[in-house]
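Novice: data_21.cif is reproduced below (mmCIF, C-alpha atoms).
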data_data
#
loop_
_atom_site.label_atom_id
_atom_site.label_comp_id
_atom_site.auth_asym_id
_atom_site.auth_seq_id
_atom_site.Cartn_x
_atom_site.Cartn_y
_atom_site.Cartn_z
CA MET A 1 2.93 -2.88 -78.21
CA PRO A 2 2.18 -4.94 -81.37
CA TYR A 3 4.75 -4.93 -84.17
CA THR A 4 3.41 -4.24 -87.66
CA TYR A 5 5.00 -5.95 -90.63
CA PRO A 6 5.93 -4.54 -93.00
CA PRO A 7 6.54 -1.22 -91.27
CA ALA A 8 4.87 1.90 -92.64
CA ALA A 9 6.72 3.88 -95.29
CA PRO A 10 8.85 6.71 -93.90
CA SER A 11 7.38 10.19 -93.95
CA ILE A 12 9.31 13.12 -95.42
CA SER A 13 8.33 15.44 -92.59
CA GLY A 14 8.58 13.33 -89.47
CA ASP A 15 11.03 13.24 -86.56
CA ASN A 16 14.75 12.45 -86.62
CA ILE A 17 14.20 8.69 -86.42
CA THR A 18 11.92 8.73 -89.49
CA ILE A 19 14.39 10.87 -91.48
CA SER A 20 17.24 8.58 -90.48
CA ARG A 21 15.28 5.57 -91.74
CA PHE A 22 14.80 7.37 -95.02
CA LEU A 23 18.51 8.16 -95.35
CA LYS A 24 19.47 4.57 -94.60
CA ASP A 25 17.35 3.22 -97.47
CA PRO A 26 18.90 3.86 -100.93
CA THR A 27 15.70 2.70 -102.62
CA LEU A 28 13.68 5.48 -100.99
CA ILE A 29 16.36 8.03 -101.85
CA ALA A 30 16.37 6.84 -105.46
CA ARG A 31 12.60 7.16 -105.63
CA ARG A 32 12.74 10.69 -104.23
CA LEU A 33 15.53 11.63 -106.64
CA ARG A 34 13.50 10.24 -109.55
CA THR A 35 10.49 12.35 -108.52
CA LEU A 36 12.62 15.50 -108.47
CA ALA A 37 14.37 14.83 -111.78
CA GLU A 38 11.60 13.22 -113.85
CA GLN A 39 11.85 14.32 -117.48
CA ARG A 40 14.62 16.85 -116.71
CA PHE A 41 17.38 15.50 -118.97
CA ILE A 42 17.12 17.03 -122.45
CA ALA A 43 20.13 14.90 -123.42
CA ASP A 44 18.02 11.75 -123.13
CA VAL A 45 15.21 13.31 -125.18
CA LEU A 46 17.44 14.32 -128.09
CA LEU A 47 19.67 11.24 -127.90
CA SER A 48 16.88 8.76 -127.35
CA GLY A 49 18.83 5.59 -128.11
CA ARG A 50 19.89 3.46 -125.13
CA PHE A 51 23.27 1.71 -125.28
CA ASP A 52 25.25 -0.32 -122.76
CA ALA A 53 28.89 0.70 -122.51
CA VAL A 54 30.34 -2.59 -121.29
CA GLY A 55 33.91 -2.21 -120.06
CA GLY A 56 33.81 1.59 -120.09
CA SER A 57 33.69 2.18 -123.86
CA ILE A 58 31.43 1.64 -126.85
CA ALA A 59 32.18 1.16 -130.55
CA TYR A 60 29.62 2.40 -133.06
CA GLU A 61 29.27 3.43 -136.70
CA GLN A 62 28.47 6.95 -137.76
CA ASN A 63 26.76 8.21 -140.92
CA GLU A 64 25.78 4.78 -142.19
CA SER A 65 23.92 5.11 -145.48
CA LEU A 66 20.29 4.14 -145.70
CA TYR A 67 20.86 2.69 -149.18
CA SER A 68 22.86 -0.11 -150.76
CA ASP A 69 25.87 0.89 -152.88
CA ARG A 70 24.11 0.09 -156.17
CA ALA A 71 20.54 0.61 -157.33
CA PRO A 72 18.36 -2.30 -158.52
CA GLU A 73 18.79 -3.27 -162.19
CA PRO A 74 16.53 -4.94 -164.74
CA VAL A 75 16.97 -8.73 -164.55
CA ALA A 76 16.28 -10.82 -167.64
CA PRO A 77 14.36 -14.11 -167.28
CA GLY A 78 16.73 -16.83 -166.08
CA ALA A 79 19.57 -14.38 -165.53
CA GLU A 80 21.56 -14.07 -162.34
CA TYR A 81 20.73 -11.18 -160.05
CA PRO A 82 23.57 -8.65 -159.79
CA LEU A 83 25.21 -8.20 -156.41
CA THR A 84 25.67 -5.00 -154.49
CA SER A 85 27.96 -4.24 -151.58
CA ILE A 86 26.57 -2.78 -148.37
CA SER A 87 28.82 -0.02 -147.04
CA GLU A 88 29.13 0.53 -143.33
CA GLY A 89 29.49 3.83 -141.53
CA THR A 90 32.69 5.31 -140.15
CA ALA A 91 33.85 3.41 -137.07
CA GLN A 92 33.89 5.46 -133.87
CA LEU A 93 34.86 4.73 -130.27
CA ALA A 94 33.62 6.59 -127.20
CA LYS A 95 34.68 6.26 -123.56
CA THR A 96 32.36 6.75 -120.60
CA VAL A 97 32.95 9.28 -117.83
CA ASN A 98 31.83 8.81 -114.22
CA TRP A 99 29.99 12.01 -113.32
CA GLY A 100 29.22 12.16 -109.60
CA ARG A 101 29.26 14.07 -106.33
CA ASP A 102 28.65 13.50 -102.62
CA SER A 103 26.68 15.76 -100.30
CA GLU A 104 27.03 15.73 -96.51
CA ILE A 105 24.00 16.06 -94.24
CA THR A 106 24.82 16.36 -90.55
CA ASP A 107 22.73 15.05 -87.68
CA VAL A 108 22.67 18.60 -86.30
CA SER A 109 21.06 19.99 -89.47
CA ILE A 110 18.45 17.20 -89.44
CA ALA A 111 17.66 17.84 -85.76
CA ARG A 112 17.21 21.56 -86.37
CA ARG A 113 15.62 21.64 -89.83
CA LYS A 114 14.10 18.16 -90.18
CA MET A 115 13.75 17.09 -93.83
CA ASP A 116 14.74 20.44 -95.33
CA PRO A 117 18.51 19.78 -95.64
CA VAL A 118 17.80 16.39 -97.26
CA ASN A 119 15.47 17.90 -99.85
CA ARG A 120 17.90 20.72 -100.57
CA ALA A 121 20.78 18.31 -101.06
CA LEU A 122 18.77 16.10 -103.44
CA ILE A 123 17.43 19.04 -105.46
CA LYS A 124 20.89 20.56 -105.87
CA GLN A 125 22.42 17.21 -106.81
CA VAL A 126 19.73 16.72 -109.45
CA ASN A 127 20.14 20.23 -110.86
CA GLN A 128 23.91 19.87 -111.10
CA MET A 129 23.71 16.40 -112.67
CA VAL A 130 21.24 17.64 -115.30
CA LYS A 131 23.33 20.74 -116.03
CA THR A 132 26.55 18.78 -116.42
CA VAL A 133 25.28 15.84 -118.50
CA ASP A 134 23.07 18.03 -120.69
CA SER A 135 25.94 20.46 -121.33
CA VAL A 136 28.26 17.62 -122.37
CA ALA A 137 25.63 16.02 -124.62
CA LEU A 138 24.61 19.32 -126.25
CA ALA A 139 28.25 20.21 -126.85
CA ALA A 140 28.75 16.82 -128.53
CA ILE A 141 25.71 17.42 -130.74
CA ALA A 142 26.86 20.95 -131.63
CA SER A 143 30.33 19.70 -132.60
CA GLN A 144 29.03 16.84 -134.76
CA VAL A 145 26.18 18.58 -136.60
CA THR A 146 27.65 20.52 -139.53
CA GLN A 147 24.48 21.22 -141.53
CA THR A 148 23.55 24.83 -140.91
CA SER A 149 21.58 27.76 -142.26
CA ALA A 150 20.92 31.28 -141.01
CA ALA A 151 17.56 32.64 -139.90
CA ALA A 152 16.10 35.10 -142.40
CA SER A 153 15.88 37.61 -139.55
CA ALA A 154 16.56 37.47 -135.84
CA TRP A 155 13.67 35.88 -133.94
CA SER A 156 13.78 38.81 -131.52
CA SER A 157 13.39 41.37 -134.31
CA GLY A 158 10.23 43.23 -135.17
CA SER A 159 9.53 41.00 -138.18
CA PRO A 160 10.69 37.47 -137.39
CA THR A 161 9.98 34.56 -139.75
CA ILE A 162 10.28 31.79 -137.18
CA LEU A 163 7.83 29.33 -138.71
CA ARG A 164 9.28 29.75 -142.21
CA ASP A 165 12.86 29.36 -140.94
CA VAL A 166 11.95 26.13 -139.16
CA LEU A 167 9.89 24.67 -142.01
CA LYS A 168 12.68 25.35 -144.52
CA VAL A 169 15.10 23.41 -142.33
CA VAL A 170 12.60 20.56 -141.99
CA ALA A 171 12.34 20.50 -145.78
CA ASN A 172 16.15 20.45 -146.11
CA ILE A 173 16.43 17.47 -143.75
CA ARG A 174 13.70 15.57 -145.58
CA ALA A 175 15.38 16.39 -148.90
CA LEU A 176 18.40 14.35 -147.81
CA ASN A 177 16.13 11.36 -148.51
CA GLU A 178 17.69 9.39 -145.66
CA GLY A 179 14.46 8.69 -143.82
CA PHE A 180 14.87 11.45 -141.23
CA GLU A 181 11.69 13.04 -139.85
CA PRO A 182 12.37 16.04 -137.56
CA ASP A 183 10.25 16.08 -134.40
CA THR A 184 12.03 18.47 -131.99
CA ILE A 185 13.55 21.94 -131.95
CA VAL A 186 15.91 22.93 -129.13
CA VAL A 187 16.53 26.57 -128.24
CA ASP A 188 17.88 28.58 -125.33
CA ASP A 189 15.42 30.12 -122.87
CA ILE A 190 15.45 33.63 -124.39
CA THR A 191 14.90 32.29 -127.90
CA TRP A 192 12.04 30.13 -126.59
CA ALA A 193 10.45 33.24 -125.06
CA ASN A 194 10.78 35.09 -128.37
CA ALA A 195 9.21 32.21 -130.29
CA MET A 196 6.39 31.75 -127.78
CA SER A 197 5.46 35.44 -127.93
CA ASP A 198 5.79 35.80 -131.71
CA PRO A 199 2.49 37.38 -132.86
CA ASN A 200 2.74 35.69 -136.27
CA ILE A 201 2.62 32.26 -134.62
CA ALA A 202 0.08 33.32 -132.00
CA ASN A 203 -2.36 34.40 -134.71
CA LEU A 204 -2.27 30.89 -136.19
CA LEU A 205 -3.08 29.09 -132.93
CA LYS A 206 -6.53 28.01 -131.84
CA ARG A 207 -8.01 30.15 -129.09
CA GLU A 208 -11.06 28.06 -128.25
CA ASP A 209 -9.28 25.21 -126.47
CA GLY A 210 -7.33 27.43 -124.07
CA LEU A 211 -4.02 25.73 -124.94
CA ALA A 212 -2.32 28.78 -126.43
CA PRO A 213 0.93 29.87 -124.70
CA ILE A 214 -0.72 33.02 -123.34
CA TYR A 215 -2.96 30.79 -121.18
CA THR A 216 -0.73 27.84 -120.34
CA GLY A 217 2.83 29.17 -120.50
CA ASN A 218 3.64 26.08 -122.60
CA PHE A 219 4.44 25.99 -126.29
CA PRO A 220 2.29 23.54 -128.26
CA GLU A 221 3.66 21.45 -131.10
CA ILE A 222 4.14 23.55 -134.21
CA ALA A 223 4.25 21.79 -137.59
CA GLY A 224 4.80 18.52 -135.75
CA LEU A 225 7.78 19.87 -133.78
CA ARG A 226 7.96 20.18 -130.00
CA PHE A 227 9.91 23.20 -128.74
CA LEU A 228 12.32 22.37 -125.89
CA PRO A 229 14.07 25.21 -124.03
CA THR A 230 17.33 24.65 -122.18
CA PRO A 231 19.87 26.95 -120.54
CA ASN A 232 22.65 24.51 -121.41
CA LEU A 233 23.14 25.11 -125.15
CA PRO A 234 26.86 25.75 -125.82
CA VAL A 235 26.10 28.71 -128.12
CA ALA A 236 23.21 31.09 -127.47
CA GLY A 237 21.16 32.27 -130.42
CA THR A 238 21.33 28.88 -132.12
CA ALA A 239 18.44 26.48 -132.64
CA PHE A 240 18.71 22.78 -133.45
CA VAL A 241 16.03 20.99 -135.46
CA VAL A 242 16.36 17.28 -134.67
CA ASP A 243 15.01 13.85 -135.52
CA SER A 244 15.33 12.57 -131.96
CA THR A 245 14.66 8.96 -133.02
CA GLN A 246 17.72 8.88 -135.30
CA LEU A 247 20.29 11.33 -133.94
CA GLY A 248 21.94 9.01 -131.41
CA GLY A 249 21.76 7.89 -127.82
CA MET A 250 23.32 7.84 -124.37
CA ALA A 251 25.68 4.97 -123.58
CA ASP A 252 25.49 4.21 -119.86
CA GLU A 253 27.86 1.91 -117.99
CA LYS A 254 26.40 0.01 -115.05
CA LEU A 255 29.15 -0.18 -112.45
CA GLY A 256 26.99 -1.60 -109.68
CA GLY A 257 28.62 -1.94 -106.30
CA PRO A 258 27.30 -2.46 -102.76
CA GLY A 259 24.61 -0.02 -101.72
CA TYR A 260 23.96 1.54 -105.12
CA VAL A 261 20.39 1.73 -106.42
CA SER A 262 19.27 2.85 -109.87
CA ALA A 263 17.06 5.93 -109.85
CA GLY A 264 15.30 4.74 -113.02
CA GLY A 265 12.28 6.57 -114.43
CA GLY A 266 13.09 9.83 -116.21
CA ILE A 267 16.77 9.75 -115.17
CA PRO A 268 18.14 6.56 -116.74
CA GLY A 269 21.65 5.56 -115.73
CA VAL A 270 21.67 7.59 -112.51
CA GLU A 271 22.61 5.61 -109.39
CA VAL A 272 22.38 6.77 -105.79
CA LYS A 273 23.90 5.67 -102.52
CA SER A 274 23.58 6.70 -98.87
CA ILE A 275 26.66 6.33 -96.65
CA ARG A 276 26.54 6.71 -92.87
CA ASP A 277 29.65 8.28 -91.31
CA ASP A 278 29.41 7.74 -87.55
CA LEU A 279 32.83 9.31 -86.98
CA LYS A 280 31.42 12.66 -88.11
CA ASP A 281 27.73 12.17 -87.21
CA LEU A 282 26.50 12.69 -90.75
CA TYR A 283 25.20 11.05 -93.92
CA ARG A 284 26.82 11.27 -97.34
CA LEU A 285 24.36 11.22 -100.23
CA ARG A 286 25.95 10.21 -103.54
CA ALA A 287 24.55 10.50 -107.06
CA ARG A 288 26.47 9.36 -110.13
CA ARG A 289 25.97 8.68 -113.81
CA VAL A 290 28.57 6.83 -115.87
CA THR A 291 27.75 7.78 -119.44
CA VAL A 292 28.85 9.18 -122.78
CA PRO A 293 26.70 10.80 -125.51
CA ILE A 294 26.75 9.09 -128.91
CA VAL A 295 25.87 11.00 -132.11
CA VAL A 296 25.17 8.25 -134.65
CA GLU A 297 23.48 10.27 -137.42
CA PRO A 298 24.72 13.89 -137.48
CA ARG A 299 22.62 14.54 -140.60
CA ALA A 300 19.48 13.95 -138.52
CA ALA A 301 19.94 17.46 -137.09
CA TRP A 302 20.33 20.97 -138.50
CA LYS A 303 21.52 24.22 -136.94
CA ILE A 304 19.72 27.51 -137.38
CA THR A 305 22.06 30.38 -136.56
CA GLY A 306 21.30 34.00 -135.85
CA VAL A 307 18.02 33.34 -134.08
#
Will you turn the file into structure tokens for me?

Specialist:
Amino acid sequence: MPYTYPPAAPSISGDNITISRFLKDPTLIARRLRTLAEQRFIADVLLSGRFDAVGGSIAYEQNESLYSDRAPEPVAPGAEYPLTSISEGTAQLAKTVNWGRDSEITDVSIARRKMDPVNRALIKQVNQMVKTVDSVALAAIASQVTQTSAAASAWSSGSPTILRDVLKVVANIRALNEGFEPDTIVVDDITWANAMSDPNIANLLKREDGLAPIYTGNFPEIAGLRFLPTPNLPVAGTAFVVDSTQLGGMADEKLGGPGYVSAGGGIPGVEVKSIRDDLKDLYRLRARRVTVPIVVEPRAAWKITGV
């Protein structure tokens, strides 16, 4: 029988030999994990900066002013230009945490249920990784952002003023005159449902293009802001209006090590590894992310309470 090189890519629904080939290849597992988790991390959307935490920690400056300490002055012909100092932000230090878990997949479960136990293990690992990292990042944001205002009325009430509440916060952030431009609002799932079904907003949307939430189930950009729902906000009934380009970033540490492969794509920093345990006739699937959220500009976000 002729031997084909390179061999065909493993199928996700084949026999035990095909599944075993898949589990022995960390690159294929990483690709599958990336497909499942693409664009799932809200932490990486809000904290869009990418930092390398070399040695397990990262030093950064917080609340650095956009301006020099002194304004320009009139300079007479032939006169020396006056100097100004450039103040730096408050020095901060953050330490990474290795978030990870293993899952065991036995040969018996593969023989009886084929690819199903592998898919279930990967999906649950992804869901738990997203829940954990997002919860830590959102808690960090909530603790650092002190600018706050209350909604004029609850967004679930009979007369909500969602658009006005949001636009007033956008105006407040712009009024800081620090170059912040809000582009995202983060809410819990119930608040997102209230906003999406608000008749005051619905009446302002175009109906001809079929992109209204009643048709798509998705919320379009409103006043230049994208609405992102998450179940991982530390306090329900609170919305965050954010300039995601300025707020901060995720500092990932690349530990490396034999057998680890980066998942890449929409889950930066996540590494996976497949370990064969012949003593127990099973595979151990490992996913980890060594990271810490960094809030560089707390004034780039604003809380709306009582939504």

Novice: My list of candidates is A:Asn127, A:Ser149, A:Ser159, A:Gln92. Which is closest to Phe41 in chain A when distances are computed with only C-alpha atoms?

Specialist: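 Of A:Asn127, A:Ser149, A:Ser159, A:Gln92, the one nearest Phe41 in chain A is A:Asn127, counting only C-alpha atoms.
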
Novice: Taking the file above as input, evaluate the PyMOL selection byres ((chain A and resi 60-72) around 6) and report the hits as a ChimeraX atom specification.

Specialist: /A:59,73,84-86,88-92,178,296-297

Novice: List as number ranges by chain the protein and nucleic acid residues near range 96-103 of chain A, meaning an atom at most 12 Å away when only C-alpha atoms are counted, but skip any in the same chain fewer than 4 places from it.

Specialist: A: 51-59, 117-134, 136, 250-255, 269-276, 282-294

Novice: Given the selection you just returned, output its residues as a file containing C-alpha atoms, formatted as a PDB file, in the frame of the given file.

Specialist:
ATOM      1  CA  PHE A  51      23.270   1.710-125.280  1.00  0.00           C
ATOM      2  CA  ASP A  52      25.250  -0.320-122.760  1.00  0.00           C
ATOM      3  CA  ALA A  53      28.890   0.700-122.510  1.00  0.00           C
ATOM      4  CA  VAL A  54      30.340  -2.590-121.290  1.00  0.00           C
ATOM      5  CA  GLY A  55      33.910  -2.210-120.060  1.00  0.00           C
ATOM      6  CA  GLY A  56      33.810   1.590-120.090  1.00  0.00           C
ATOM      7  CA  SER A  57      33.690   2.180-123.860  1.00  0.00           C
ATOM      8  CA  ILE A  58      31.430   1.640-126.850  1.00  0.00           C
ATOM      9  CA  ALA A  59      32.180   1.160-130.550  1.00  0.00           C
ATOM     10  CA  PRO A 117      18.510  19.780 -95.640  1.00  0.00           C
ATOM     11  CA  VAL A 118      17.800  16.390 -97.260  1.00  0.00           C
ATOM     12  CA  ASN A 119      15.470  17.900 -99.850  1.00  0.00           C
ATOM     13  CA  ARG A 120      17.900  20.720-100.570  1.00  0.00           C
ATOM     14  CA  ALA A 121      20.780  18.310-101.060  1.00  0.00           C
ATOM     15  CA  LEU A 122      18.770  16.100-103.440  1.00  0.00           C
ATOM     16  CA  ILE A 123      17.430  19.040-105.460  1.00  0.00           C
ATOM     17  CA  LYS A 124      20.890  20.560-105.870  1.00  0.00           C
ATOM     18  CA  GLN A 125      22.420  17.210-106.810  1.00  0.00           C
ATOM     19  CA  VAL A 126      19.730  16.720-109.450  1.00  0.00           C
ATOM     20  CA  ASN A 127      20.140  20.230-110.860  1.00  0.00           C
ATOM     21  CA  GLN A 128      23.910  19.870-111.100  1.00  0.00           C
ATOM     22  CA  MET A 129      23.710  16.400-112.670  1.00  0.00           C
ATOM     23  CA  VAL A 130      21.240  17.640-115.300  1.00  0.00           C
ATOM     24  CA  LYS A 131      23.330  20.740-116.030  1.00  0.00           C
ATOM     25  CA  THR A 132      26.550  18.780-116.420  1.00  0.00           C
ATOM     26  CA  VAL A 133      25.280  15.840-118.500  1.00  0.00           C
ATOM     27  CA  ASP A 134      23.070  18.030-120.690  1.00  0.00           C
ATOM     28  CA  VAL A 136      28.260  17.620-122.370  1.00  0.00           C
ATOM     29  CA  MET A 250      23.320   7.840-124.370  1.00  0.00           C
ATOM     30  CA  ALA A 251      25.680   4.970-123.580  1.00  0.00           C
ATOM     31  CA  ASP A 252      25.490   4.210-119.860  1.00  0.00           C
ATOM     32  CA  GLU A 253      27.860   1.910-117.990  1.00  0.00           C
ATOM     33  CA  LYS A 254      26.400   0.010-115.050  1.00  0.00           C
ATOM     34  CA  LEU A 255      29.150  -0.180-112.450  1.00  0.00           C
ATOM     35  CA  GLY A 269      21.650   5.560-115.730  1.00  0.00           C
ATOM     36  CA  VAL A 270      21.670   7.590-112.510  1.00  0.00           C
ATOM     37  CA  GLU A 271      22.610   5.610-109.390  1.00  0.00           C
ATOM     38  CA  VAL A 272      22.380   6.770-105.790  1.00  0.00           C
ATOM     39  CA  LYS A 273      23.900   5.670-102.520  1.00  0.00           C
ATOM     40  CA  SER A 274      23.580   6.700 -98.870  1.00  0.00           C
ATOM     41  CA  ILE A 275      26.660   6.330 -96.650  1.00  0.00           C
ATOM     42  CA  ARG A 276      26.540   6.710 -92.870  1.00  0.00           C
ATOM     43  CA  LEU A 282      26.500  12.690 -90.750  1.00  0.00           C
ATOM     44  CA  TYR A 283      25.200  11.050 -93.920  1.00  0.00           C
ATOM     45  CA  ARG A 284      26.820  11.270 -97.340  1.00  0.00           C
ATOM     46  CA  LEU A 285      24.360  11.220-100.230  1.00  0.00           C
ATOM     47  CA  ARG A 286      25.950  10.210-103.540  1.00  0.00           C
ATOM     48  CA  ALA A 287      24.550  10.500-107.060  1.00  0.00           C
ATOM     49  CA  ARG A 288      26.470   9.360-110.130  1.00  0.00           C
ATOM     50  CA  ARG A 289      25.970   8.680-113.810  1.00  0.00           C
ATOM     51  CA  VAL A 290      28.570   6.830-115.870  1.00  0.00           C
ATOM     52  CA  THR A 291      27.750   7.780-119.440  1.00  0.00           C
ATOM     53  CA  VAL A 292      28.850   9.180-122.780  1.00  0.00           C
ATOM     54  CA  PRO A 293      26.700  10.800-125.510  1.00  0.00           C
ATOM     55  CA  ILE A 294      26.750   9.090-128.910  1.00  0.00           C
TER      56      ILE A 294
END

Novice: Please compute the CA of Ala236 in chain A-CA of Ala212 in chain A distance, one decimal, in Å.

Specialist: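 CA of Ala236 in chain A sits 25.7 Å away from CA of Ala212 in chain A.
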
Novice: From the list A:Leu205, A:Ala301, A:Leu23, A:Ala150, which residue is nearest Glu104 in chain A when using all atoms listed in the file?

Specialist: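 Ranked by minimum distance to Glu104 in chain A, first place goes to A:Leu23.
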
Novice: Expanded to explicit residues, what is the PyMOL selection byres ((chain A and resi 230) around 9) for this file, as a list of chain:residue names?

Specialist: A:Ile42, A:Asp134, A:Val186, A:Val187, A:Asp188, A:Asp189, A:Trp192, A:Leu228, A:Pro229, A:Pro231, A:Asn232, A:Leu233

Novice: Once you have the residues from the selection above, write them out as a PDB file, in the coordinates of the input, restricted to C-alpha atoms.

Specialist:
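What landed in out.pdb:
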ATOM      1  CA  ILE A  42      17.120  17.030-122.450  1.00  0.00           C
ATOM      2  CA  ASP A 134      23.070  18.030-120.690  1.00  0.00           C
ATOM      3  CA  VAL A 186      15.910  22.930-129.130  1.00  0.00           C
ATOM      4  CA  VAL A 187      16.530  26.570-128.240  1.00  0.00           C
ATOM      5  CA  ASP A 188      17.880  28.580-125.330  1.00  0.00           C
ATOM      6  CA  ASP A 189      15.420  30.120-122.870  1.00  0.00           C
ATOM      7  CA  TRP A 192      12.040  30.130-126.590  1.00  0.00           C
ATOM      8  CA  LEU A 228      12.320  22.370-125.890  1.00  0.00           C
ATOM      9  CA  PRO A 229      14.070  25.210-124.030  1.00  0.00           C
ATOM     10  CA  PRO A 231      19.870  26.950-120.540  1.00  0.00           C
ATOM     11  CA  ASN A 232      22.650  24.510-121.410  1.00  0.00           C
ATOM     12  CA  LEU A 233      23.140  25.110-125.150  1.00  0.00           C
TER      13      LEU A 233
END

Novice: Using all atoms listed in the file, which residue out of A:Ile185, A:Val75, A:Ile141, A:Ile110 lies closest to Arg299 in chain A?

Specialist: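 With all atoms listed in the file as the atom set, the closest residue is A:Ile141.
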
Novice: Find the distance between CA of Arg174 in chain A and CA of Ala94 in chain A and write it in Å to one decimal.

Specialist: 28.6 Å

Novice: Point out the residue among A:Asn177, A:Thr184, A:Asn203, A:Asn194 with the least atom-to-atom distance to Phe240 in chain A, counting all atoms listed in the file.

Specialist: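 Among the listed residues, the smallest separation from Phe240 in chain A belongs to A:Thr184.
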
Novice: What is the CA of Ala152 in chain A-CA of Ala202 in chain A distance in Å, reported with one decimal?

Specialist: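 These atoms are spaced 19.2 Å apart.
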
Novice: Rank A:Gly249, A:Leu167, A:Ser262, A:Ile173 by their smallest atom-to-atom distance to Ile222 in chain A, using all atoms listed in the file, and report the top residue only.

Specialist: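 Nearest candidate to Ile222 in chain A out of A:Gly249, A:Leu167, A:Ser262, A:Ile173: A:Leu167.
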
Novice: Which of these residues is nearest to Ile19 in chain A, using all atoms listed in the file: A:Thr238, A:Ser87, A:Thr106, A:Ser143?

Specialist: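 With all atoms listed in the file as the atom set, the closest residue is A:Thr106.
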